[in-house]
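Student: Before we start, here is the structure in question, set down as structure tokens.
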Amino acid sequence: MRPWLVPVAALLALAALPLVLTPYTQDLVLKIAVLAIFALSLELLVGSAGLVSLGHAAFFGIGAYVAVLGSGDAGAASLWWLLPASVGAAALYALFVGALSLRTQGVYFIMVTLAFAQMAYFVFHDTQVGGGSDGIFLYGKPVLAIGGAALLDLDDKRHLYYFVLGALAFTYALLALIGRSRLGHALAGIRVNEQRMRAAGFRSYGYKLAAFVIGGALAGLAGFLTAVKDGAVNPELLSWHESGAVLLMIILGGIGSLRGAVLGAVAFTLLKELFQSEALLGPLAAHWQLTLGLTIIAFVALLPKGLIGLKQRLQSGASRG
């Protein structure tokens, strides 16, 4: 079976869902799609280049804050410049962070990216640039217009749904193309043996920096969509908790696979919704972090390759039987 058939079929199914979804389930699908973009952006670093970052939420939060700050309180801003501004700001900070942090390796790289993310977090948390710890609201959602005619109004839930779906398709296709490109092959080689790649004439620093900036830009895209969807942002979007959550998503889905990143976002979000439901779990819902953590530990122990490896695990079990 052709590898592109499953993603295309999933995309077509998602495109038809608004016909049957309730407002709550449509919002849930939107949330999953945005988090899938966020997970895919980190998958480029961890799965392709072997760069484990604990500061990825900084780019996510910067994209969200620029979307709100750029809109101001004068009404809906133009999508023509607001989206590039949000993605560009996240990419610019990723360039700055990557240029410095990629000179380190291993646990030092993890801690340096965490430190830069915390710096960005406290800029928004401890100052009035972004409303302090309370955050700020988006007063007017972006509009894409030509000659005064609105082609896309993200205040319309149907427009927002298909715009997010298009952004997810774009992100997935872009990373699939990168995986087959010279950059993708170089990153794969760097992940396996960076010293050998250097000996072969590859400038590993430049390739890793390119991946870091692209990943940061895509995280900024996810942040922009989060701000538009929720209509508000706060400093917690940049916290290390968010970086840890998106890392858990790709571990849960299976590192090294684009489908795994999407599956991880789906599973993580649905599990979180399940364990927070008082209607289903009663008083236990107040301790959802504990139940979610235990569930993820069980998944990792039973499926070391993530959910994407479940099919292979079942096939090997059937052959043994």
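For the structure tokens, the naming scheme is as follows: chains receive sequential letters (A, B, ...) according to their order of presentation, residues are indexed from 1 within each chain, and ligands are indexed from 1 in presentation order.
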Using only C-alpha atoms, determine which residues lie at most 6 Å from range 181-189 of chain A, disregarding the query and same-chain residues fewer than 2 positions distant; provide the list as a list in words.
Tutor: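 With the cut-off at 6 Å, the set is Ser48, Ala49, Ile178, Gly179, Arg191 and Val192 of chain A.
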Student: Using the chain letters and numbers from this document, which residues of range 87-207 of chain A does DSSP assign to helix (DSSP H, G or I), as a ChimeraX atom specification?
Tutor: /A:87-101,106-125,132-134,157-180,182-192,194-199,204-207
Student: Determine the nearest neighbour of Ala85 in chain A from the options A:Thr171, A:Ser71, A:Ser257, A:Gln128, counting only C-alpha atoms.
Tutor: A:Ser71
Student: Report as a list in words all protein, DNA and RNA residues lying within 9 Å of Leu271 in chain A, evaluated on only C-alpha atoms, omitting residues in the same chain fewer than 5 positions from it.
Tutor: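 Listing them by chain and then by number gives Val266, Gln276, Leu292 and Thr295 of chain A.
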Student: As JSON, numbers by chain, please: every residue in range 17-149 of chain A that a backbone DSSP assignment puts in strand (DSSP E or B).
Tutor: {"A": [78, 136, 137, 143, 144, 145, 146, 149]}
Student: Could you tell me which of A:Gly50, A:Gly254, A:Gly260, A:Gly131 comes closest to Tyr172 in chain A if we count only C-alpha atoms?
Tutor: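 Ranked by minimum distance to Tyr172 in chain A, first place goes to A:Gly260.
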Student: By how many Å are CA of Ser204 in chain A and CA of Gly61 in chain A apart?
Tutor: 27.9 Å
Student: Return the single residue from A:Gly98, A:Gly223, A:Pro7, A:Pro18 that is closest to Leu83 in chain A, with distances computed using only C-alpha atoms.
Tutor: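 Nearest to Leu83 in chain A: A:Gly223.
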Student: Given only C-alpha atoms as the basis, pick out the residue of A:Leu12, A:Val143, A:Leu303, A:Leu160 nearest to Lys229 in chain A.
Tutor: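 Selected residue with least distance to Lys229 in chain A: A:Leu160.
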Student: Rounded to one decimal place, report the CA of Gly309 in chain A-CA of Ala267 in chain A distance in Å.
Tutor: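 Value for the CA of Gly309 in chain A-CA of Ala267 in chain A distance: 14.1 Å.
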Student: Smallest atom-to-atom distance to Ser78 in chain A: which of A:Leu95, A:Val262, A:Ala150, A:Ile255, using only C-alpha atoms?
Tutor: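 For Ser78 in chain A, the nearest of the candidates is A:Ala150.
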